[in-house]
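Printed here is my_file36.cif (mmCIF, C-alpha atoms and all ligand atoms):
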data_coords
#
loop_
_atom_site.group_PDB
_atom_site.id
_atom_site.type_symbol
_atom_site.label_atom_id
_atom_site.label_comp_id
_atom_site.auth_asym_id
_atom_site.auth_seq_id
_atom_site.Cartn_x
_atom_site.Cartn_y
_atom_site.Cartn_z
ATOM 1 C CA MET A 1 11.009 15.910 -4.217
ATOM 2 C CA GLY A 2 9.920 18.562 -6.751
ATOM 3 C CA GLU A 3 11.442 16.324 -9.409
ATOM 4 C CA VAL A 4 9.351 13.340 -8.272
ATOM 5 C CA ARG A 5 6.201 15.481 -8.272
ATOM 6 C CA ARG A 6 7.013 16.645 -11.785
ATOM 7 C CA GLN A 7 7.551 13.065 -12.977
ATOM 8 C CA ILE A 8 4.219 12.026 -11.439
ATOM 9 C CA ALA A 9 2.476 14.958 -13.133
ATOM 10 C CA ASP A 10 4.114 14.066 -16.466
ATOM 11 C CA ALA A 11 3.123 10.402 -16.173
ATOM 12 C CA CYS A 12 -0.453 11.456 -15.360
ATOM 13 C CA ALA A 13 -0.541 13.818 -18.336
ATOM 14 C CA ARG A 14 0.711 11.083 -20.691
ATOM 15 C CA ALA A 15 -1.997 8.757 -19.352
ATOM 16 C CA GLY A 16 -4.670 11.436 -19.741
ATOM 17 C CA ARG A 17 -5.207 11.494 -15.995
ATOM 18 C CA SER A 18 -5.422 14.464 -13.688
ATOM 19 C CA ALA A 19 -2.391 14.712 -11.349
ATOM 20 C CA ASP A 20 -4.605 14.750 -8.268
ATOM 21 C CA THR A 21 -5.744 11.177 -8.971
ATOM 22 C CA VAL A 22 -2.362 9.875 -7.749
ATOM 23 C CA THR A 23 -1.306 10.163 -4.113
ATOM 24 C CA LEU A 24 2.416 10.257 -3.413
ATOM 25 C CA VAL A 25 3.296 8.131 -0.397
ATOM 26 C CA ALA A 26 6.842 9.049 0.651
ATOM 27 C CA VAL A 27 8.440 5.872 1.975
ATOM 28 C CA SER A 28 10.408 7.037 5.011
ATOM 29 C CA LYS A 29 11.519 3.600 6.268
ATOM 30 C CA THR A 30 15.101 3.602 7.613
ATOM 31 C CA ASN A 31 15.061 7.420 7.592
ATOM 32 C CA PRO A 32 14.852 9.347 10.862
ATOM 33 C CA ALA A 33 11.883 11.381 12.119
ATOM 34 C CA GLU A 34 13.753 14.583 11.200
ATOM 35 C CA ALA A 35 13.657 13.554 7.534
ATOM 36 C CA VAL A 36 9.874 13.189 7.790
ATOM 37 C CA ILE A 37 9.536 16.578 9.478
ATOM 38 C CA GLN A 38 11.626 18.154 6.697
ATOM 39 C CA GLY A 39 9.467 16.359 4.134
ATOM 40 C CA ILE A 40 6.309 17.795 5.707
ATOM 41 C CA ALA A 41 7.835 21.275 5.559
ATOM 42 C CA ALA A 42 8.502 20.636 1.858
ATOM 43 C CA GLY A 43 4.844 19.732 1.299
ATOM 44 C CA LEU A 44 4.682 15.933 1.710
ATOM 45 C CA THR A 45 1.510 14.725 3.408
ATOM 46 C CA ASP A 46 1.671 10.917 3.290
ATOM 47 C CA PHE A 47 4.437 8.669 4.603
ATOM 48 C CA GLY A 48 4.950 4.920 4.300
ATOM 49 C CA GLU A 49 6.679 2.602 6.746
ATOM 50 C CA ASN A 50 7.290 -1.124 6.413
ATOM 51 C CA ARG A 51 8.096 -2.219 9.970
ATOM 52 C CA PRO A 52 5.527 -1.766 12.732
ATOM 53 C CA GLU A 53 7.977 -1.100 15.588
ATOM 54 C CA GLU A 54 10.026 1.393 13.620
ATOM 55 C CA ALA A 55 6.817 3.106 12.512
ATOM 56 C CA VAL A 56 5.346 3.378 16.006
ATOM 57 C CA GLU A 57 8.492 5.037 17.299
ATOM 58 C CA LYS A 58 8.780 7.396 14.329
ATOM 59 C CA ILE A 59 5.114 8.397 14.418
ATOM 60 C CA ALA A 60 5.496 9.358 18.087
ATOM 61 C CA GLN A 61 8.696 11.303 17.354
ATOM 62 C CA VAL A 62 7.180 13.140 14.405
ATOM 63 C CA SER A 63 4.029 14.002 16.369
ATOM 64 C CA ALA A 64 6.125 15.276 19.272
ATOM 65 C CA GLY A 65 8.406 17.229 16.932
ATOM 66 C CA LEU A 66 5.504 18.864 15.112
ATOM 67 C CA GLY A 67 3.627 19.475 18.336
ATOM 68 C CA ALA A 68 6.607 21.423 19.633
ATOM 69 C CA THR A 69 6.883 23.605 16.550
ATOM 70 C CA GLN A 70 3.366 24.001 15.207
ATOM 71 C CA GLY A 71 1.002 23.158 18.028
ATOM 72 C CA GLY A 72 0.249 19.754 16.495
ATOM 73 C CA GLY A 73 -0.954 21.109 13.144
ATOM 74 C CA GLY A 74 -0.061 19.511 9.865
ATOM 75 C CA LEU A 75 0.196 15.930 11.102
ATOM 76 C CA PRO A 76 0.878 13.574 8.200
ATOM 77 C CA ARG A 77 -1.068 10.505 7.157
ATOM 78 C CA TRP A 78 0.811 7.270 7.782
ATOM 79 C CA HIS A 79 0.682 4.173 5.592
ATOM 80 C CA MET A 80 1.797 0.691 6.606
ATOM 81 C CA ILE A 81 3.234 -0.917 3.478
ATOM 82 C CA GLY A 82 5.240 -3.883 4.807
ATOM 83 C CA HIS A 83 4.359 -7.389 5.951
ATOM 84 C CA VAL A 84 2.804 -7.397 9.430
ATOM 85 C CA GLN A 85 2.739 -10.531 11.554
ATOM 86 C CA SER A 86 -0.658 -11.121 13.128
ATOM 87 C CA ARG A 87 0.791 -10.842 16.615
ATOM 88 C CA LYS A 88 1.876 -7.285 15.780
ATOM 89 C CA ALA A 89 -1.489 -6.194 14.417
ATOM 90 C CA ARG A 90 -2.227 -4.347 17.641
ATOM 91 C CA LEU A 91 0.533 -1.865 16.739
ATOM 92 C CA LEU A 92 -1.492 -0.743 13.731
ATOM 93 C CA VAL A 93 -4.797 0.245 15.271
ATOM 94 C CA GLY A 94 -5.393 3.978 15.467
ATOM 95 C CA ARG A 95 -2.094 4.945 13.852
ATOM 96 C CA PHE A 96 -2.391 4.388 10.119
ATOM 97 C CA ALA A 97 -4.634 6.080 7.590
ATOM 98 C CA LEU A 98 -4.250 3.022 5.381
ATOM 99 C CA VAL A 99 -2.706 -0.430 5.773
ATOM 100 C CA HIS A 100 -1.631 -1.504 2.270
ATOM 101 C CA SER A 101 -0.285 -4.901 3.224
ATOM 102 C CA ILE A 102 -3.147 -7.131 4.345
ATOM 103 C CA ASP A 103 -1.770 -10.391 2.967
ATOM 104 C CA SER A 104 -3.803 -13.077 4.742
ATOM 105 C CA LEU A 105 -7.256 -13.768 6.102
ATOM 106 C CA ARG A 106 -5.599 -14.404 9.448
ATOM 107 C CA LEU A 107 -4.150 -10.871 9.614
ATOM 108 C CA ALA A 108 -7.421 -9.286 8.477
ATOM 109 C CA ASP A 109 -9.308 -11.266 11.088
ATOM 110 C CA LYS A 110 -6.913 -10.298 13.888
ATOM 111 C CA LEU A 111 -7.023 -6.642 12.908
ATOM 112 C CA ALA A 112 -10.820 -6.703 12.737
ATOM 113 C CA ARG A 113 -11.067 -8.139 16.244
ATOM 114 C CA LEU A 114 -8.699 -5.499 17.613
ATOM 115 C CA CYS A 115 -10.689 -2.765 15.880
ATOM 116 C CA GLN A 116 -13.930 -4.073 17.363
ATOM 117 C CA GLU A 117 -12.401 -4.096 20.869
ATOM 118 C CA GLN A 118 -11.275 -0.514 20.480
ATOM 119 C CA GLU A 119 -14.323 0.649 18.549
ATOM 120 C CA ALA A 120 -12.014 1.682 15.724
ATOM 121 C CA ARG A 121 -12.135 1.294 11.969
ATOM 122 C CA GLN A 122 -9.161 0.563 9.762
ATOM 123 C CA ASP A 123 -8.998 1.230 6.046
ATOM 124 C CA VAL A 124 -6.989 -1.475 4.289
ATOM 125 C CA LEU A 125 -5.793 -2.678 0.910
ATOM 126 C CA LEU A 126 -5.436 -6.343 0.039
ATOM 127 C CA GLU A 127 -1.919 -7.172 -1.114
ATOM 128 C CA MET A 128 -1.866 -9.406 -4.164
ATOM 129 C CA ASN A 129 1.038 -11.521 -5.291
ATOM 130 C CA VAL A 130 0.404 -11.459 -9.016
ATOM 131 C CA SER A 131 4.041 -11.856 -10.075
ATOM 132 C CA GLY A 132 4.377 -15.325 -8.542
ATOM 133 C CA GLU A 133 7.686 -14.580 -6.828
ATOM 134 C CA GLU A 134 7.927 -16.719 -3.718
ATOM 135 C CA SER A 135 9.834 -14.015 -1.869
ATOM 136 C CA LYS A 136 6.821 -11.691 -2.073
ATOM 137 C CA SER A 137 3.980 -11.684 0.389
ATOM 138 C CA GLY A 138 0.370 -11.230 -0.606
ATOM 139 C CA PHE A 139 -2.593 -13.388 -1.459
ATOM 140 C CA ALA A 140 -1.742 -15.989 -4.093
ATOM 141 C CA ALA A 141 -3.155 -14.405 -7.232
ATOM 142 C CA THR A 142 -0.754 -15.528 -9.934
ATOM 143 C CA GLY A 143 -2.663 -16.684 -12.977
ATOM 144 C CA TRP A 144 -6.047 -15.758 -11.427
ATOM 145 C CA ALA A 145 -7.495 -14.911 -14.860
ATOM 146 C CA ASN A 146 -6.884 -18.395 -16.251
ATOM 147 C CA SER A 147 -7.087 -20.571 -13.179
ATOM 148 C CA ARG A 148 -10.407 -21.297 -11.610
ATOM 149 C CA THR A 149 -8.645 -22.871 -8.628
ATOM 150 C CA VAL A 150 -6.700 -19.696 -7.927
ATOM 151 C CA ARG A 151 -9.858 -17.605 -8.275
ATOM 152 C CA GLU A 152 -11.957 -19.801 -6.015
ATOM 153 C CA SER A 153 -9.434 -19.712 -3.212
ATOM 154 C CA LEU A 154 -8.882 -15.962 -3.598
ATOM 155 C CA TRP A 155 -12.601 -15.111 -3.859
ATOM 156 C CA SER A 156 -13.257 -17.218 -0.779
ATOM 157 C CA ASP A 157 -10.687 -15.337 1.334
ATOM 158 C CA ILE A 158 -11.924 -12.000 0.040
ATOM 159 C CA ARG A 159 -15.552 -12.909 0.712
ATOM 160 C CA SER A 160 -14.594 -13.646 4.329
ATOM 161 C CA ILE A 161 -12.663 -10.405 4.694
ATOM 162 C CA LEU A 162 -15.560 -8.346 3.344
ATOM 163 C CA THR A 163 -17.825 -9.675 6.084
ATOM 164 C CA LEU A 164 -15.481 -8.519 8.866
ATOM 165 C CA SER A 165 -16.517 -5.422 10.721
ATOM 166 C CA GLY A 166 -13.776 -3.010 11.734
ATOM 167 C CA VAL A 167 -11.654 -3.382 8.629
ATOM 168 C CA VAL A 168 -12.755 -1.535 5.507
ATOM 169 C CA VAL A 169 -11.353 -2.647 2.166
ATOM 170 C CA ARG A 170 -10.433 0.218 -0.168
ATOM 171 C CA GLY A 171 -8.610 -1.583 -2.951
ATOM 172 C CA LEU A 172 -5.510 -3.558 -3.879
ATOM 173 C CA MET A 173 -1.746 -3.330 -3.568
ATOM 174 C CA THR A 174 1.074 -5.146 -5.301
ATOM 175 C CA MET A 175 4.828 -5.125 -5.679
ATOM 176 C CA ALA A 176 6.380 -5.717 -9.080
ATOM 177 C CA PRO A 177 9.522 -7.806 -9.412
ATOM 178 C CA ILE A 178 12.816 -5.954 -9.509
ATOM 179 C CA VAL A 179 13.640 -5.663 -13.199
ATOM 180 C CA GLU A 180 16.222 -3.940 -15.400
ATOM 181 C CA ASP A 181 13.692 -1.958 -17.380
ATOM 182 C CA MET A 182 10.471 -0.646 -15.856
ATOM 183 C CA GLU A 183 8.561 -1.764 -18.948
ATOM 184 C CA GLN A 184 9.024 -5.323 -17.695
ATOM 185 C CA ALA A 185 6.886 -4.456 -14.672
ATOM 186 C CA ARG A 186 3.977 -3.303 -16.842
ATOM 187 C CA PRO A 187 2.233 -6.703 -17.171
ATOM 188 C CA VAL A 188 2.143 -7.050 -13.378
ATOM 189 C CA PHE A 189 0.484 -3.651 -12.963
ATOM 190 C CA ALA A 190 -1.907 -4.310 -15.836
ATOM 191 C CA ASP A 191 -2.826 -7.626 -14.231
ATOM 192 C CA LEU A 192 -3.624 -5.951 -10.912
ATOM 193 C CA PHE A 193 -5.860 -3.484 -12.758
ATOM 194 C CA CYS A 194 -7.755 -6.355 -14.416
ATOM 195 C CA LEU A 195 -8.033 -8.173 -11.109
ATOM 196 C CA ARG A 196 -9.611 -5.095 -9.594
ATOM 197 C CA GLU A 197 -12.163 -5.024 -12.429
ATOM 198 C CA ALA A 198 -12.993 -8.668 -11.799
ATOM 199 C CA LEU A 199 -13.444 -7.977 -8.089
ATOM 200 C CA GLN A 200 -15.696 -5.008 -8.834
ATOM 201 C CA THR A 201 -17.918 -7.384 -10.771
ATOM 202 C CA GLU A 202 -17.763 -10.186 -8.219
ATOM 203 C CA PHE A 203 -18.134 -7.979 -5.116
ATOM 204 C CA PRO A 204 -19.900 -4.850 -6.380
ATOM 205 C CA LEU A 205 -20.827 -3.532 -2.947
ATOM 206 C CA ALA A 206 -17.216 -3.258 -1.798
ATOM 207 C CA ASP A 207 -14.937 -0.299 -2.509
ATOM 208 C CA TRP A 208 -12.109 -1.254 -4.898
ATOM 209 C CA TYR A 209 -11.053 2.279 -5.794
ATOM 210 C CA GLU A 210 -7.412 2.306 -4.667
ATOM 211 C CA LEU A 211 -4.545 0.672 -6.551
ATOM 212 C CA SER A 212 -1.265 0.945 -4.656
ATOM 213 C CA MET A 213 1.489 0.124 -7.117
ATOM 214 C CA GLY A 214 4.750 1.670 -8.279
ATOM 215 C CA MET A 215 8.005 2.498 -6.509
ATOM 216 C CA THR A 216 11.131 4.539 -7.366
ATOM 217 C CA ASP A 217 12.116 2.365 -10.318
ATOM 218 C CA ASP A 218 8.718 1.803 -11.898
ATOM 219 C CA PHE A 219 6.146 4.396 -10.790
ATOM 220 C CA GLN A 220 5.712 6.010 -14.228
ATOM 221 C CA VAL A 221 4.570 2.696 -15.697
ATOM 222 C CA ALA A 222 2.346 2.017 -12.668
ATOM 223 C CA ILE A 223 0.633 5.377 -13.190
ATOM 224 C CA ALA A 224 0.092 4.550 -16.864
ATOM 225 C CA GLU A 225 -1.596 1.324 -15.711
ATOM 226 C CA GLY A 226 -3.901 3.043 -13.217
ATOM 227 C CA ALA A 227 -2.084 3.445 -9.879
ATOM 228 C CA THR A 228 -3.862 5.742 -7.410
ATOM 229 C CA LEU A 229 -1.111 5.489 -4.770
ATOM 230 C CA VAL A 230 2.615 5.327 -5.546
ATOM 231 C CA ARG A 231 5.070 4.362 -2.802
ATOM 232 C CA ILE A 232 8.365 6.161 -3.369
ATOM 233 C CA GLY A 233 11.377 5.973 -1.075
ATOM 234 C CA ARG A 234 14.800 6.357 -2.680
ATOM 235 C CA ALA A 235 13.811 8.995 -5.223
ATOM 236 C CA ILE A 236 12.797 11.238 -2.315
ATOM 237 C CA PHE A 237 15.110 10.347 0.566
ATOM 238 C CA GLY A 238 18.152 9.036 -1.325
ATOM 239 C CA PRO A 239 19.715 5.562 -1.070
ATOM 240 C CA ARG A 240 18.888 3.598 2.062
ATOM 241 C CA GLN A 241 21.576 2.782 4.621
ATOM 242 C CA THR A 242 19.817 -0.406 5.725
ATOM 243 C CA GLY A 243 16.575 -2.277 5.176
HETATM 244 C C1 LIG B 1 10.679 0.194 0.415
HETATM 245 C C2 LIG B 1 9.373 0.034 -0.212
HETATM 246 C C3 LIG B 1 8.929 0.915 -1.201
HETATM 247 C C4 LIG B 1 9.760 2.055 -1.728
HETATM 248 O O1 LIG B 1 10.834 1.588 -2.481
HETATM 249 P P1 LIG B 1 11.802 2.589 -3.304
HETATM 250 O O2 LIG B 1 12.407 1.696 -4.313
HETATM 251 O O3 LIG B 1 12.750 3.147 -2.306
HETATM 252 O O4 LIG B 1 10.955 3.642 -3.894
HETATM 253 C C5 LIG B 1 7.660 0.723 -1.733
HETATM 254 N N1 LIG B 1 6.869 -0.280 -1.312
HETATM 255 C C6 LIG B 1 7.248 -1.138 -0.362
HETATM 256 C C7 LIG B 1 6.321 -2.209 0.057
HETATM 257 C C8 LIG B 1 8.517 -1.027 0.218
HETATM 258 O O5 LIG B 1 8.891 -1.896 1.165
#
Rendering of file as structure tokens:
Amino acid sequence: MGEVRRQIADACARAGRSADTVTLVAVSKTNPAEAVIQGIAAGLTDFGENRPEEAVEKIAQVSAGLGATQGGGGLPRWHMIGHVQSRKARLLVGRFALVHSIDSLRLADKLARLCQEQEARQDVLLEMNVSGEESKSGFAATGWANSRTVRESLWSDIRSILTLSGVVVRGLMTMAPIVEDMEQARPVFADLFCLREALQTEFPLADWYELSMGMTDDFQVAIAEGATLVRIGRAIFGPRQTG
């Protein structure tokens, strides 16, 4: 974990950024609650999960575990980073500091209605599929800079989401393709950065600050391209058994 922190600090230094402009989200999916509790003891504050059911169970276990040892102090911030079906949106409300993976108007709408019912607010990121891989979720954003059709459809969804009360947009998230060399992921991250600039111009009243991009194999490049949140699993917790 110290090694990951050092690599983040180095990447920030090379990019002329201060290290506190990048938040490390430790991706604890497939790892047990004990691993999270150990991570908190080692100084981690933010954890990412990609499956709602697994997350709900783990959050309860971690809260109970910490409550027993420290009177409930030091609770971490949880991040939902995986695809969420609309019918599972209710599992999110009140549990996550940030939902990175809003990938459809339908999900945003469902979450907003649940938030209104419960008088809650949910900070979210809009997940963009800029790489064009069909296996990836996210709003269709491939070629947005050159295609007016892509932009019109994307702007229209975003305009609708920004009118919803209950969900608060904080920025964008993307996943780069799995590549041999992390340099190959750079254009995807650079594209997300440009897309954010375009959205700042188009929707200046919204908050586009956060850019969630970069994982174990490519976070240094993501930081060079402006990531504010990196989602790192294997480099912290070791290889995954499943998932
Ligand atoms: C699993 C996962 C990560 C972390 O991946 P690593 O390669 O283990 O760092 C990041 N983002 C998302 C959306 C994930 O599902």
Q | Selection dump of the PyMOL selection byres (((chain A and resi 122) around 12) and not hetatm), as a PyMOL selection string | A | chain A and resi 79-80+89-90+92-100+102+108-116+118-121+123-125+164-170
Please identify every residue of chain A that has at least one atom no farther than 6 Å from an atom of ligand LIG 1 (chain B), counting all atoms listed in the file, and for each give the shortest atom pair and the distance in Å to one decimal, arranged by chain then increasing number, as CSV.
residue,atom,partner,partner_atom,distance
A:Val27,CA,B:LIG1,C4,5.5
A:Asn50,CA,B:LIG1,O5,5.5
A:Ile81,CA,B:LIG1,C7,4.8
A:Gly82,CA,B:LIG1,C7,5.2
A:Met215,CA,B:LIG1,O4,4.1
A:Thr216,CA,B:LIG1,O4,3.6
A:Arg231,CA,B:LIG1,C5,4.6
A:Ile232,CA,B:LIG1,O4,3.7
A:Gly233,CA,B:LIG1,O3,3.4
A:Arg234,CA,B:LIG1,O3,3.8
Q) What is the atom CA of A:His83 to atom CA of A:Pro52 distance in Å? A)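 For atom CA of A:His83 relative to atom CA of A:Pro52, the distance reads 8.9 Å.
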Q: Excluding A:Thr23 and any residue of its chain fewer than 3 positions from it, enumerate the residues within 9 Å of it, using all atoms listed in the file, and give them as number ranges by chain.
A: A: 19-20, 46, 227-231
Q.
Which residues are near A:Phe139? Cut-off 9 Å, only C-alpha atoms, ignore same chain within fewer than 6 positions. Put them as number ranges by chain.
A. A: 102-105, 126-130, 154, 157
